[in-house]
Each structure stands twice: as structure tokens, then as C-alpha cells.
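Visitor: One file: structure22.cif (mmCIF, C-alpha atoms).
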data_start
#
loop_
_atom_site.label_atom_id
_atom_site.label_comp_id
_atom_site.auth_asym_id
_atom_site.auth_seq_id
_atom_site.Cartn_x
_atom_site.Cartn_y
_atom_site.Cartn_z
CA MET A 1109 -98.37 -90.40 -228.73
CA ASN A 1110 -98.68 -86.82 -229.93
CA PRO A 1111 -102.07 -85.09 -229.66
CA VAL A 1112 -104.10 -84.86 -232.86
CA ARG A 1113 -103.85 -81.40 -234.39
CA CYS A 1114 -107.46 -80.23 -234.75
CA ALA A 1115 -109.36 -77.29 -236.20
CA VAL A 1116 -112.96 -76.09 -236.09
CA ILE A 1117 -114.77 -75.31 -239.35
CA GLY A 1118 -117.81 -73.10 -238.75
CA CYS A 1119 -117.46 -70.48 -236.04
CA GLY A 1120 -121.05 -70.26 -234.85
CA LYS A 1121 -122.69 -71.41 -231.63
CA VAL A 1122 -121.92 -75.13 -231.93
CA GLY A 1123 -118.35 -74.44 -232.98
CA HIS A 1124 -117.58 -73.31 -229.44
CA PHE A 1125 -118.50 -76.76 -228.08
CA HIS A 1126 -115.93 -78.37 -230.36
CA ALA A 1127 -113.27 -75.79 -229.69
CA ILE A 1128 -113.62 -76.43 -225.97
CA ALA A 1129 -113.66 -80.21 -226.50
CA PHE A 1130 -110.46 -80.09 -228.58
CA ARG A 1131 -108.82 -77.78 -226.06
CA GLU A 1132 -109.78 -79.85 -223.00
CA ASN A 1133 -108.80 -83.28 -224.36
CA PRO A 1134 -105.26 -84.55 -223.80
CA THR A 1135 -105.58 -86.48 -227.09
CA SER A 1136 -106.18 -83.34 -229.15
CA GLU A 1137 -104.72 -79.89 -229.70
CA LEU A 1138 -106.83 -76.99 -230.99
CA VAL A 1139 -104.64 -75.26 -233.57
CA ALA A 1140 -106.93 -73.20 -235.84
CA CYS A 1141 -110.41 -72.28 -237.00
CA LEU A 1142 -111.92 -71.68 -240.42
CA GLY A 1143 -114.96 -69.64 -241.42
CA ARG A 1144 -116.47 -67.71 -244.31
CA ASN A 1145 -116.96 -64.46 -242.38
CA PRO A 1146 -113.52 -62.97 -241.61
CA GLU A 1147 -114.70 -60.79 -238.71
CA LYS A 1148 -116.71 -63.55 -237.03
CA THR A 1149 -113.91 -66.06 -237.56
CA LYS A 1150 -111.31 -63.70 -236.09
CA ALA A 1151 -113.46 -63.09 -233.01
CA PHE A 1152 -113.79 -66.85 -232.55
CA ALA A 1153 -110.03 -67.31 -232.98
CA ASP A 1154 -109.20 -64.54 -230.53
CA GLU A 1155 -111.38 -66.18 -227.89
CA TYR A 1156 -109.31 -69.38 -228.07
CA GLY A 1157 -105.92 -67.89 -228.91
CA ILE A 1158 -105.63 -69.63 -232.28
CA PRO A 1159 -105.11 -68.44 -235.88
CA ALA A 1160 -108.15 -67.71 -238.05
CA TYR A 1161 -108.43 -68.78 -241.68
CA THR A 1162 -110.86 -68.46 -244.55
CA ASP A 1163 -108.93 -70.82 -246.89
CA LEU A 1164 -108.80 -74.56 -246.13
CA ASP A 1165 -105.54 -75.35 -247.93
CA GLU A 1166 -103.73 -72.45 -246.30
CA MET A 1167 -104.89 -73.60 -242.86
CA ILE A 1168 -103.80 -77.19 -243.47
CA GLU A 1169 -100.37 -76.18 -244.76
CA LYS A 1170 -99.56 -73.61 -242.11
CA GLU A 1171 -101.01 -75.40 -239.07
CA ARG A 1172 -100.43 -79.05 -240.10
CA VAL A 1173 -104.06 -79.85 -239.33
CA GLU A 1174 -104.92 -83.56 -239.01
CA ALA A 1175 -108.60 -83.48 -238.04
CA VAL A 1176 -111.52 -81.08 -238.14
CA ALA A 1177 -114.91 -80.59 -236.55
CA ILE A 1178 -117.49 -79.50 -239.13
CA CYS A 1179 -119.95 -77.16 -237.42
CA THR A 1180 -121.56 -75.30 -240.32
CA PRO A 1181 -125.32 -75.43 -241.05
CA HIS A 1182 -125.98 -79.04 -242.03
CA PRO A 1183 -126.91 -78.49 -245.70
CA ASN A 1184 -123.27 -77.40 -246.10
CA HIS A 1185 -121.74 -80.40 -244.31
CA ALA A 1186 -121.21 -82.59 -247.36
CA ASP A 1187 -119.26 -80.17 -249.55
CA ILE A 1188 -116.91 -79.32 -246.70
CA ALA A 1189 -116.57 -82.93 -245.48
CA VAL A 1190 -115.73 -84.21 -248.97
CA GLU A 1191 -113.06 -81.56 -249.47
CA CYS A 1192 -111.55 -82.36 -246.07
CA CYS A 1193 -111.52 -86.10 -246.80
CA LYS A 1194 -109.78 -85.52 -250.13
CA ARG A 1195 -107.02 -83.78 -248.18
CA GLY A 1196 -106.74 -86.68 -245.74
CA LEU A 1197 -108.33 -84.85 -242.79
CA HIS A 1198 -110.27 -86.91 -240.27
CA ILE A 1199 -113.77 -85.51 -239.70
CA ALA A 1200 -116.13 -85.07 -236.76
CA VAL A 1201 -119.43 -83.90 -238.26
CA GLU A 1202 -122.07 -82.25 -236.11
CA LYS A 1203 -125.53 -83.80 -236.17
CA PRO A 1204 -127.26 -84.35 -238.45
CA LEU A 1205 -124.60 -85.81 -240.72
CA ALA A 1206 -126.24 -84.01 -243.66
CA ALA A 1207 -129.65 -82.80 -244.82
CA SER A 1208 -130.11 -85.48 -247.49
CA LEU A 1209 -129.25 -89.10 -248.18
CA GLU A 1210 -127.30 -88.06 -251.26
CA ASP A 1211 -125.07 -85.83 -249.18
CA CYS A 1212 -124.64 -88.54 -246.53
CA ASP A 1213 -123.50 -90.99 -249.18
CA ARG A 1214 -121.04 -88.45 -250.59
CA ILE A 1215 -119.48 -88.08 -247.14
CA LEU A 1216 -119.28 -91.84 -246.51
CA GLU A 1217 -117.77 -92.50 -249.93
CA ALA A 1218 -115.15 -89.76 -249.54
CA ALA A 1219 -114.17 -91.02 -246.07
CA ARG A 1220 -113.88 -94.60 -247.35
CA GLU A 1221 -111.88 -93.69 -250.46
CA ASN A 1222 -109.42 -91.58 -248.49
CA ASN A 1223 -109.10 -93.88 -245.45
CA VAL A 1224 -110.40 -91.17 -243.16
CA VAL A 1225 -111.68 -91.69 -239.61
CA GLY A 1226 -115.11 -90.08 -239.26
CA THR A 1227 -117.70 -89.68 -236.55
CA THR A 1228 -121.16 -88.14 -236.32
CA ILE A 1229 -121.66 -86.12 -233.15
CA CYS A 1230 -124.30 -87.86 -231.01
CA GLN A 1231 -123.01 -86.98 -227.55
CA ARG A 1232 -126.20 -88.12 -225.79
CA ARG A 1233 -125.00 -91.70 -226.30
CA PHE A 1234 -122.43 -90.85 -223.64
CA TYR A 1235 -125.09 -89.94 -221.08
CA ARG A 1236 -124.84 -92.47 -218.25
CA PRO A 1237 -128.58 -93.33 -218.22
CA ALA A 1238 -128.56 -93.75 -222.03
CA GLN A 1239 -125.64 -96.16 -221.74
CA ARG A 1240 -127.43 -98.04 -218.95
CA VAL A 1241 -130.38 -98.68 -221.27
CA LYS A 1242 -128.05 -100.02 -223.98
CA LYS A 1243 -126.22 -102.29 -221.54
CA ALA A 1244 -129.46 -103.67 -220.17
CA ILE A 1245 -130.56 -104.57 -223.71
CA ASP A 1246 -127.18 -106.10 -224.59
CA ASP A 1247 -127.17 -108.09 -221.31
CA GLY A 1248 -130.61 -109.53 -222.12
CA LYS A 1249 -132.29 -108.01 -219.08
CA ILE A 1250 -135.52 -107.26 -220.99
CA GLY A 1251 -135.33 -110.15 -223.42
CA LYS A 1252 -135.82 -109.22 -227.04
CA PRO A 1253 -136.83 -105.56 -227.45
CA ILE A 1254 -140.36 -105.55 -228.88
CA LEU A 1255 -141.34 -101.86 -228.74
CA GLY A 1256 -139.28 -98.68 -228.87
CA THR A 1257 -140.69 -95.18 -228.55
CA VAL A 1258 -139.45 -91.62 -228.98
CA ASN A 1259 -141.31 -88.64 -227.56
CA MET A 1260 -139.69 -85.26 -228.03
CA LEU A 1261 -142.11 -82.47 -227.15
CA GLY A 1262 -140.52 -79.06 -227.19
CA TRP A 1263 -141.05 -75.43 -228.03
CA ARG A 1264 -139.35 -73.09 -230.46
CA ASP A 1265 -140.69 -69.56 -230.72
CA MET A 1266 -140.07 -67.35 -233.73
CA ALA A 1267 -137.25 -65.56 -231.93
CA TYR A 1268 -135.36 -68.87 -232.09
CA TYR A 1269 -135.94 -69.20 -235.83
CA HIS A 1270 -134.93 -65.59 -236.38
CA SER A 1271 -131.70 -66.08 -234.39
CA ASP A 1272 -129.93 -67.40 -237.52
CA PRO A 1273 -130.98 -66.67 -241.10
CA TRP A 1274 -130.76 -70.33 -242.17
CA ARG A 1275 -133.24 -71.63 -239.57
CA GLY A 1276 -136.72 -72.74 -240.57
CA THR A 1277 -136.03 -72.93 -244.31
CA TRP A 1278 -135.62 -75.88 -246.66
CA GLU A 1279 -132.52 -74.41 -248.29
CA GLY A 1280 -130.83 -73.36 -245.06
CA GLU A 1281 -131.87 -76.15 -242.69
CA GLY A 1282 -133.14 -78.99 -244.86
CA GLY A 1283 -136.07 -79.59 -242.54
CA GLY A 1284 -137.52 -78.70 -239.17
CA VAL A 1285 -137.96 -80.62 -235.94
CA LEU A 1286 -136.94 -83.91 -237.58
CA ILE A 1287 -133.61 -82.78 -238.96
CA ASN A 1288 -132.62 -80.32 -236.24
CA GLN A 1289 -134.11 -81.09 -232.82
CA ALA A 1290 -134.93 -84.83 -232.95
CA PRO A 1291 -131.76 -86.53 -234.33
CA HIS A 1292 -130.34 -87.27 -230.88
CA GLN A 1293 -133.42 -89.19 -229.78
CA LEU A 1294 -133.78 -90.89 -233.18
CA ASP A 1295 -130.14 -91.97 -232.99
CA LEU A 1296 -130.76 -93.56 -229.58
CA LEU A 1297 -133.83 -95.38 -230.87
CA LEU A 1298 -131.81 -96.93 -233.71
CA TRP A 1299 -128.93 -97.75 -231.34
CA TYR A 1300 -131.33 -99.64 -229.11
CA MET A 1301 -133.66 -101.23 -231.64
CA GLY A 1302 -131.55 -101.90 -234.75
CA GLU A 1303 -132.39 -101.63 -238.43
CA ILE A 1304 -135.81 -100.61 -239.77
CA GLU A 1305 -137.86 -102.77 -242.12
CA GLU A 1306 -140.77 -100.42 -242.84
CA LEU A 1307 -142.06 -97.01 -241.74
CA TYR A 1308 -145.24 -94.98 -242.12
CA GLY A 1309 -144.95 -91.33 -241.24
CA MET A 1310 -146.52 -87.89 -241.54
CA TRP A 1311 -145.61 -84.31 -240.76
CA ASP A 1312 -146.98 -80.79 -240.93
CA THR A 1313 -146.48 -77.22 -239.74
CA LEU A 1314 -149.15 -76.83 -237.08
CA ASN A 1315 -148.55 -73.58 -235.23
CA HIS A 1316 -145.56 -71.84 -236.85
CA PRO A 1317 -147.19 -70.44 -240.01
CA GLU A 1318 -144.11 -68.39 -240.95
CA LEU A 1319 -141.99 -71.53 -241.34
CA GLU A 1320 -141.32 -73.44 -244.53
CA VAL A 1321 -140.42 -76.59 -242.58
CA GLU A 1322 -142.30 -78.97 -240.28
CA ASP A 1323 -142.81 -78.31 -236.58
CA THR A 1324 -144.44 -81.71 -235.84
CA ALA A 1325 -143.93 -85.25 -237.13
CA MET A 1326 -144.98 -88.80 -236.30
CA ALA A 1327 -144.07 -92.31 -237.46
CA VAL A 1328 -144.94 -95.97 -236.90
CA ILE A 1329 -142.12 -98.44 -237.46
CA ARG A 1330 -141.58 -102.16 -237.98
CA PHE A 1331 -137.98 -103.09 -237.21
CA LYS A 1332 -136.15 -105.91 -238.98
CA ASN A 1333 -136.18 -107.97 -235.79
CA GLY A 1334 -140.01 -107.83 -235.79
CA ALA A 1335 -140.30 -105.18 -233.08
CA PHE A 1336 -142.54 -102.10 -233.35
CA GLY A 1337 -141.61 -98.46 -232.91
CA ASN A 1338 -143.39 -95.14 -232.51
CA ILE A 1339 -142.08 -91.59 -232.93
CA VAL A 1340 -143.75 -88.33 -231.88
CA VAL A 1341 -141.64 -85.18 -232.17
CA SER A 1342 -142.74 -81.56 -232.08
CA ASN A 1343 -141.66 -77.97 -231.56
CA SER A 1344 -145.23 -76.91 -230.85
CA GLN A 1345 -145.64 -77.39 -227.08
CA ASN A 1346 -145.17 -74.35 -224.88
CA PRO A 1347 -143.69 -74.61 -222.31
CA ALA A 1348 -141.28 -77.30 -223.48
CA LEU A 1349 -141.85 -80.63 -221.79
CA PHE A 1350 -139.36 -83.43 -222.37
CA GLY A 1351 -137.53 -85.76 -224.70
CA ASN A 1352 -137.36 -89.46 -223.90
CA VAL A 1353 -136.62 -92.83 -225.47
CA ARG A 1354 -138.14 -96.00 -224.04
CA VAL A 1355 -137.69 -99.67 -224.82
CA HIS A 1356 -140.10 -102.44 -223.81
CA GLY A 1357 -138.99 -106.07 -223.79
CA GLU A 1358 -140.58 -109.44 -224.45
CA ASN A 1359 -140.33 -110.36 -220.75
CA GLY A 1360 -142.59 -107.41 -219.86
CA ALA A 1361 -139.77 -105.21 -218.54
CA SER A 1362 -139.48 -101.59 -219.64
CA ILE A 1363 -136.54 -99.21 -219.52
CA GLY A 1364 -136.12 -95.63 -220.64
CA VAL A 1365 -134.02 -92.48 -220.61
CA GLN A 1366 -135.24 -88.91 -220.42
CA THR A 1367 -132.54 -87.14 -222.37
CA ASP A 1368 -134.00 -83.65 -222.02
CA GLY A 1369 -136.25 -82.07 -219.42
CA GLY A 1370 -137.54 -78.61 -218.61
CA ALA A 1371 -136.98 -75.96 -221.25
CA MET A 1372 -135.39 -77.33 -224.41
CA PHE A 1373 -131.67 -76.70 -224.73
CA VAL A 1374 -130.49 -74.33 -227.47
CA ALA A 1375 -126.74 -74.30 -228.15
CA GLY A 1376 -125.25 -70.92 -227.30
CA MET A 1377 -128.58 -69.59 -226.04
CA SER A 1378 -129.56 -71.56 -222.92
CA ALA A 1379 -128.37 -74.01 -220.28
CA ILE A 1380 -129.35 -77.62 -219.64
CA LEU A 1381 -131.92 -77.29 -216.87
CA GLU A 1382 -132.43 -80.94 -215.87
CA PRO A 1383 -129.98 -83.84 -215.85
CA PRO A 1384 -130.67 -86.83 -218.10
CA VAL A 1385 -132.08 -89.71 -216.06
CA ASN A 1386 -133.63 -93.11 -216.43
CA ASP A 1387 -137.35 -92.31 -216.23
CA LEU A 1388 -138.56 -95.93 -216.45
CA TRP A 1389 -136.97 -99.12 -215.09
CA THR A 1390 -138.87 -102.34 -214.41
CA VAL A 1391 -136.11 -104.90 -215.00
CA PRO A 1392 -136.85 -107.99 -212.88
CA GLY A 1393 -134.97 -107.69 -209.62
CA GLU A 1394 -134.08 -104.06 -210.29
CA GLU A 1395 -137.49 -102.44 -209.92
CA ASP A 1396 -136.35 -100.52 -206.84
CA MET A 1397 -133.22 -99.12 -208.49
CA LEU A 1398 -134.84 -96.24 -210.38
CA GLU A 1399 -134.42 -93.62 -207.67
CA THR A 1400 -130.85 -94.79 -207.01
CA TYR A 1401 -130.00 -94.44 -210.69
CA LYS A 1402 -131.60 -91.00 -210.81
CA LYS A 1403 -129.54 -89.82 -207.86
CA GLU A 1404 -126.29 -91.29 -209.17
CA ASP A 1405 -126.75 -89.80 -212.62
CA GLY A 1406 -127.94 -86.45 -211.30
CA ASP A 1407 -124.94 -86.23 -208.96
CA PHE A 1408 -122.54 -87.08 -211.79
CA PHE A 1409 -124.18 -84.67 -214.23
CA ASN A 1410 -123.97 -81.84 -211.71
CA SER A 1411 -120.34 -82.66 -210.85
CA VAL A 1412 -119.05 -82.00 -214.38
CA ASP A 1413 -119.27 -79.16 -216.88
CA ASN A 1414 -122.45 -80.67 -218.28
CA LEU A 1415 -122.65 -78.27 -221.21
CA HIS A 1416 -119.39 -79.63 -222.62
CA HIS A 1417 -118.47 -82.87 -220.85
CA PHE A 1418 -120.22 -85.25 -223.24
CA HIS A 1419 -118.88 -83.52 -226.35
CA ILE A 1420 -115.47 -83.85 -224.72
CA GLU A 1421 -116.02 -87.58 -224.22
CA GLN A 1422 -117.01 -88.15 -227.83
CA ILE A 1423 -114.15 -86.03 -229.18
CA ALA A 1424 -111.75 -88.01 -226.96
CA ASP A 1425 -113.00 -91.24 -228.54
CA PHE A 1426 -112.69 -89.70 -232.02
CA CYS A 1427 -109.07 -88.67 -231.47
CA GLU A 1428 -108.17 -91.98 -229.86
CA ALA A 1429 -109.68 -93.75 -232.89
CA ILE A 1430 -107.39 -91.69 -235.13
CA GLN A 1431 -104.35 -92.56 -233.04
CA GLU A 1432 -105.27 -96.25 -232.84
CA GLY A 1433 -106.45 -96.63 -236.45
CA ARG A 1434 -109.89 -97.91 -235.49
CA GLU A 1435 -113.55 -97.04 -236.05
CA PRO A 1436 -114.90 -94.55 -233.48
CA LEU A 1437 -117.73 -95.61 -231.19
CA ILE A 1438 -120.19 -93.56 -233.26
CA SER A 1439 -119.67 -93.91 -237.01
CA LEU A 1440 -120.57 -91.80 -240.00
CA LYS A 1441 -122.90 -94.67 -240.98
CA ALA A 1442 -124.87 -94.10 -237.76
CA GLY A 1443 -125.42 -90.52 -238.89
CA ARG A 1444 -126.68 -91.73 -242.26
CA ASP A 1445 -129.07 -94.16 -240.55
CA THR A 1446 -130.76 -91.26 -238.75
CA VAL A 1447 -131.07 -89.23 -241.96
CA GLU A 1448 -132.50 -92.32 -243.68
CA LEU A 1449 -135.21 -92.57 -241.00
CA ILE A 1450 -136.02 -88.87 -241.35
CA THR A 1451 -136.14 -89.12 -245.15
CA ALA A 1452 -138.54 -92.06 -244.91
CA ILE A 1453 -140.98 -89.92 -242.91
CA TYR A 1454 -140.88 -87.19 -245.56
CA ARG A 1455 -141.38 -89.69 -248.39
CA SER A 1456 -144.17 -91.52 -246.58
CA ASN A 1457 -146.05 -88.27 -246.02
CA ARG A 1458 -145.63 -87.39 -249.69
CA ASP A 1459 -146.61 -90.79 -251.06
CA LYS A 1460 -149.24 -91.60 -248.40
CA LYS A 1461 -147.90 -95.12 -247.99
CA PRO A 1462 -145.38 -97.08 -245.91
CA ILE A 1463 -141.74 -96.83 -246.98
CA ARG A 1464 -139.57 -99.95 -247.16
CA PHE A 1465 -135.92 -99.90 -246.16
CA PRO A 1466 -133.15 -99.51 -247.22
CA LEU A 1467 -133.53 -96.15 -248.96
CA VAL A 1468 -131.42 -94.75 -251.76
CA PRO A 1469 -131.24 -91.08 -252.76
CA GLU A 1470 -133.96 -89.78 -255.04
CA GLU A 1471 -133.64 -87.29 -257.84
CA GLY A 1472 -136.39 -84.77 -258.38
CA PRO A 1473 -137.65 -81.29 -257.61
CA ASP A 1474 -139.24 -82.03 -254.23
CA TYR A 1475 -136.03 -82.63 -252.21
CA ASP A 1476 -136.91 -86.21 -251.26
CA GLY A 1477 -140.47 -85.40 -250.28
CA ARG A 1478 -139.72 -82.37 -248.16
CA LEU A 1479 -141.52 -79.84 -250.35
CA ILE A 1480 -144.92 -81.53 -250.25
CA LYS A 1481 -146.39 -81.22 -246.79
CA LYS A 1482 -150.14 -81.67 -247.07
CA ILE A 1483 -151.33 -85.00 -245.73
#
Spell out the structure here as C-alpha cells.
Guide:
Amino acid sequence: MNPVRCAVIGCGKVGHFHAIAFRENPTSELVACLGRNPEKTKAFADEYGIPAYTDLDEMIEKERVEAVAICTPHPNHADIAVECCKRGLHIAVEKPLAASLEDCDRILEAARENNVVGTTICQRRFYRPAQRVKKAIDDGKIGKPILGTVNMLGWRDMAYYHSDPWRGTWEGEGGGVLINQAPHQLDLLLWYMGEIEELYGMWDTLNHPELEVEDTAMAVIRFKNGAFGNIVVSNSQNPALFGNVRVHGENGASIGVQTDGGAMFVAGMSAILEPPVNDLWTVPGEEDMLETYKKEDGDFFNSVDNLHHFHIEQIADFCEAIQEGREPLISLKAGRDTVELITAIYRSNRDKKPIRFPLVPEEGPDYDGRLIKKI
């Protein structure tokens, strides 16, 4: 079967991860890139030995593109994704899927109407310790999950926000720590715990006074299966500490994955300092396995190009899904679910009440609760 002919749209920091993933996968061929800035796009193209374009139709016609990775700032994802779907291009959309529920729904509808394969990039699902947590839940090792928690305590100084003009603004970023730093952990929580019934949340900007967006947020959740959940995410702790997701079961067993440790990773600006590991494991009969798992996962993580390996794994699944005509392991709907959770926190803070699920897009001047921050 011929490799899928792929292009990168958005030639910034994250675009390099997708270019490398397309180039390194036997199921894909990197054939072009597209950007708004001709000079920046040409420099990106020269690095990978591919043609540069600023016009989508010209790129599709000349390079016979079949699939794209959308790596622009997320408020721009929907417009680009919809246009690509209309042209029959399969889409891999960087997290978050979009900055609003309305935009998420536009992407899902366009993909469905045009029979397009789509995935939301959540490469931390491919971390070995994250997969071990999921398998333990699916195998019934902790009984019914009754409590899931996310803690993502990190640090972003103003140099980070000044590194790109769109960062830290409602128009350019669509939110702060919730929409940009926390989606990976929130995605894992939903993967482990299932659909949400009700959420109460709050957010504020606690120690980044120059920002429009939130640097800290919290939520309490009731899942549809009756379980509870708790979320604490922040960009206000210096030095950065960790990001983890933990699940506690009805049999008293607890399992967890630390997805991020040490200084927080910034695409194109830093390295991953600590491997992801299971940081909690009290499954009956497996209580002594924690250190073994840590060593196995650390050895594997350090044996691969850990900056790119897990993007490569997800892109491989995406391209195989195109070739096989199936849904990828991580769907566009999964991306919408994360944005729905985030939106519920904004609305709950605005309305000072719990928010019931499911959510539908709102119309109004406050961008789904994002422009009213005082608790």
C-alpha cells in the first residue's frame, strides 16, 4: 500500500514535530508545507527538502496531498480544518481541537459530511505508563473507578508568553492554562473515567497580571457512572513541579501516571527532562511492581527519540486508519470532549453554579464565559 501523501499546515514550533513524524513513518510521505508567512514557510520547507506553499488549492493540485497536520494557533484550527475537509483531505489536528465548542462542531460536521478520517493529537495516550493505567481499568484490576484526579502544576514566565504574539490572549489563544497546557491531562482523565454528568469550576489570573487569560483553574466533577473527579491546573508554580493523572477504584486500589516532571516542556524551546512513569500503583498482587514499571518505562523512554517518538506513533495510527478506512485510535470527538470540559469550567465560573452535560455552543459577547473572570 502506498504511503499517504501528507503536508504540514502551520510552520511554527509544533509543525516540526509533525514534519518529522510524517517523514519518519513508513505509512506516510511528507510532500509539502503551507503557511501564511512566505519567508517562514520557505525556511521550514528548506529544512525538510519539500516545496513551500501559501495557497491550499495549489498545494493540493501540485503535490497530490491526501492528508494534513494542522499546526496553527488553535483559534484558527476550525477554518482551516473545514476547508481541508471540503477538499477531501484527512486531518490530524493539534491539541486542542479548537478554542470553542462551536468550532469543534464545525470540524466534526465537515469531517462527517466529507467522509474524512480525523484525529486530535493527544500523543501522551501512547506513553507506556498511561496505557498501563487504561489497561488496568479495562481489565477490572481496580474495580469500578470511583475517583479520578488531575494535578498539573507548572510555570510559565512572561518570556514564554512573549515568545509568540498570540499567547496569553483571548483572541489569539482562546484561553490560558486550560486550553493550552492542560488538555493532555484532561484527555487522559476522560479516557479513564468516561463521560461527565456535572461540573463545578472556577478560574482566575493569580500571578500573571499582564495576561488576559487564566493561569489557574479548578473543578469538581460527577461522572455519569457516579464517580467523582477533581482538577487542579496552574501555570503559577515556580519552579515547575509535575503533571499527573490518578484513578482510584472501588476495591481500594489506586493507579496513576506522572505525564510530566521537572521543568514543564515547551515545544521548540525545551527538552523533556523526566520520563513519564506510573507514580502510584496499589493493584492487589502488584503492589511491588511500581519500581519495575518505572525502570521499564524509563529505559524505553530513554531508548527512543522521546521528543518525537509518541507523535510518530500517533501519526502512524492516523495514516494506517486512512489506508484501512477505519476510525483512528484517538478521534476528533475525543478532542471535542476535552474542549467541552474546559468550556464547562469557564461557564461555571461565570454563572457561579454547576454545569450539566452535554453542552452545546452558546452565542453571546462573552465567548462562552471566558471574558468574565471574577469569582
Visitor: Please write the residues picked by the PyMOL selection byres ((chain A and resi 1255) around 9) on this file as a PyMOL selection string.
Guide: chain A and resi 1253-1254+1256-1257+1301+1335-1338+1354-1358
Visitor: When you draw a straight line from CA of Asp1163 in chain A to CA of Leu1440 in chain A, how long is it in Å?
Guide: 25.0 Å
Visitor: I'd like the neighbourhood of Ala1177 in chain A as a PDB file with C-alpha atoms, in the coordinates of the input, where a residue qualifies if any of its atoms comes within 8 Å (using all atoms listed in the file), though same-chain residues fewer than 2 positions away should be ignored.
Guide:
ATOM      1  CA  CYS A1114    -107.460 -80.230-234.750  1.00  0.00           C
ATOM      2  CA  ALA A1115    -109.360 -77.290-236.200  1.00  0.00           C
ATOM      3  CA  VAL A1116    -112.960 -76.090-236.090  1.00  0.00           C
ATOM      4  CA  ILE A1117    -114.770 -75.310-239.350  1.00  0.00           C
ATOM      5  CA  GLY A1123    -118.350 -74.440-232.980  1.00  0.00           C
ATOM      6  CA  HIS A1126    -115.930 -78.370-230.360  1.00  0.00           C
ATOM      7  CA  ALA A1175    -108.600 -83.480-238.040  1.00  0.00           C
ATOM      8  CA  CYS A1179    -119.950 -77.160-237.420  1.00  0.00           C
ATOM      9  CA  ILE A1199    -113.770 -85.510-239.700  1.00  0.00           C
ATOM     10  CA  ALA A1200    -116.130 -85.070-236.760  1.00  0.00           C
ATOM     11  CA  VAL A1201    -119.430 -83.900-238.260  1.00  0.00           C
ATOM     12  CA  GLU A1202    -122.070 -82.250-236.110  1.00  0.00           C
TER      13      GLU A1202
END
Visitor: Please compute the CA of Pro1146 in chain A-CA of Glu1191 in chain A distance, one decimal, in Å.
Guide: 20.2 Å
Visitor: Could you check which of A:Glu1382, A:Glu1147, A:Asp1213, A:Glu1428 is closest to Gly1406 in chain A, using only C-alpha atoms?
Guide: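 Of the candidates, the smallest distance to Gly1406 in chain A is held by A:Glu1382.
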Visitor: Find the residues around Glu1322 in chain A up to 7 Å (all atoms listed in the file counted), leave out those fewer than 6 positions away in its own chain, and share them as a ChimeraX atom specification.
Guide: /A:1283-1285,1311-1313
Visitor: Would you list the contacts of range 1215-1219 of chain A as a list in words, taking every protein, DNA or RNA residue within 6 Å and counting only C-alpha atoms, but skipping same-chain residues closer than 5 positions in sequence?
Guide: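 Final neighbour list, sorted by chain and number: Ala1186, Val1190, Cys1193 and Val1224 of chain A.
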Visitor: Find, counting all atoms listed in the file, the residue in A:Ser1136, A:Thr1277, A:Asn1457, A:Gln1422 that gets nearest to Phe1234 in chain A.
Guide: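 Residue with the minimum atom-to-atom distance to Phe1234 in chain A: A:Gln1422.
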Visitor: So which residues get picked by the PyMOL selection byres ((chain A and resi 1141) around 10) here, written as a list in words?
Guide: Cys1114, Ala1115, Val1116, Ile1117, Gly1118, Cys1119, Gly1123, Ala1127, Leu1138, Val1139, Ala1140, Leu1142, Gly1143, Thr1149, Lys1150, Phe1152, Ala1153, Tyr1156, Ile1158, Pro1159, Ala1160, Tyr1161, Thr1162, Leu1164, Met1167, Val1176 and Ala1177 of chain A
Visitor: What does the distance between CA of Arg1458 in chain A and CA of Ser1344 in chain A come to in Å, to one decimal place?
Guide: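 Those two atoms sit 21.6 Å apart.
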Visitor: Expand the PyMOL selection byres ((chain A and resi 1456) around 12) into the individual residues it matches in the shown file, reporting them as an MDAnalysis selection string.
Guide: chainID A and resid 1306:1311 1325:1329 1449:1455 1457:1465 1467 1476:1478 1480:1483
Visitor: Between A:Cys1192, A:His1198, A:Asn1184, A:Pro1347, single out the one closest to Phe1426 in chain A, counting all atoms listed in the file.
Guide: A:His1198
Visitor: Which of these, A:Leu1415, A:Tyr1300, A:Asp1396, A:Lys1402, has the shortest distance to Ile1250 in chain A once you count only C-alpha atoms?
Guide: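 Ranked by minimum distance to Ile1250 in chain A, first place goes to A:Tyr1300.
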Visitor: Given 4 Å of margin on each side, can you work out the centre and size in Å (one decimal) of an axis-aligned box holding every listed atom of range 1408-1420 of chain A, as AutoDock Vina command-line options?
Guide:
--center_x -119.8 --center_y -82.7 --center_z -218.6 --size_x 16.7 --size_y 16.8 --size_z 23.5
Visitor: Please determine, counting all atoms listed in the file, which residue among A:Gly1276, A:Pro1392, A:Gly1251, A:Gly1282 has the shortest atom-to-atom distance to His1182 in chain A.
Guide: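 With all atoms listed in the file as the atom set, the closest residue is A:Gly1282.
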Visitor: Determine, counting all atoms listed in the file, every residue of protein, DNA or RNA that lies within 7 Å of (-124.2, -85.5, -241.5) in the file coordinates, then give the result as JSON, numbers by chain.
Guide: {"A": [1182, 1185, 1201, 1202, 1203, 1204, 1205, 1206, 1207, 1212, 1228, 1443, 1444]}
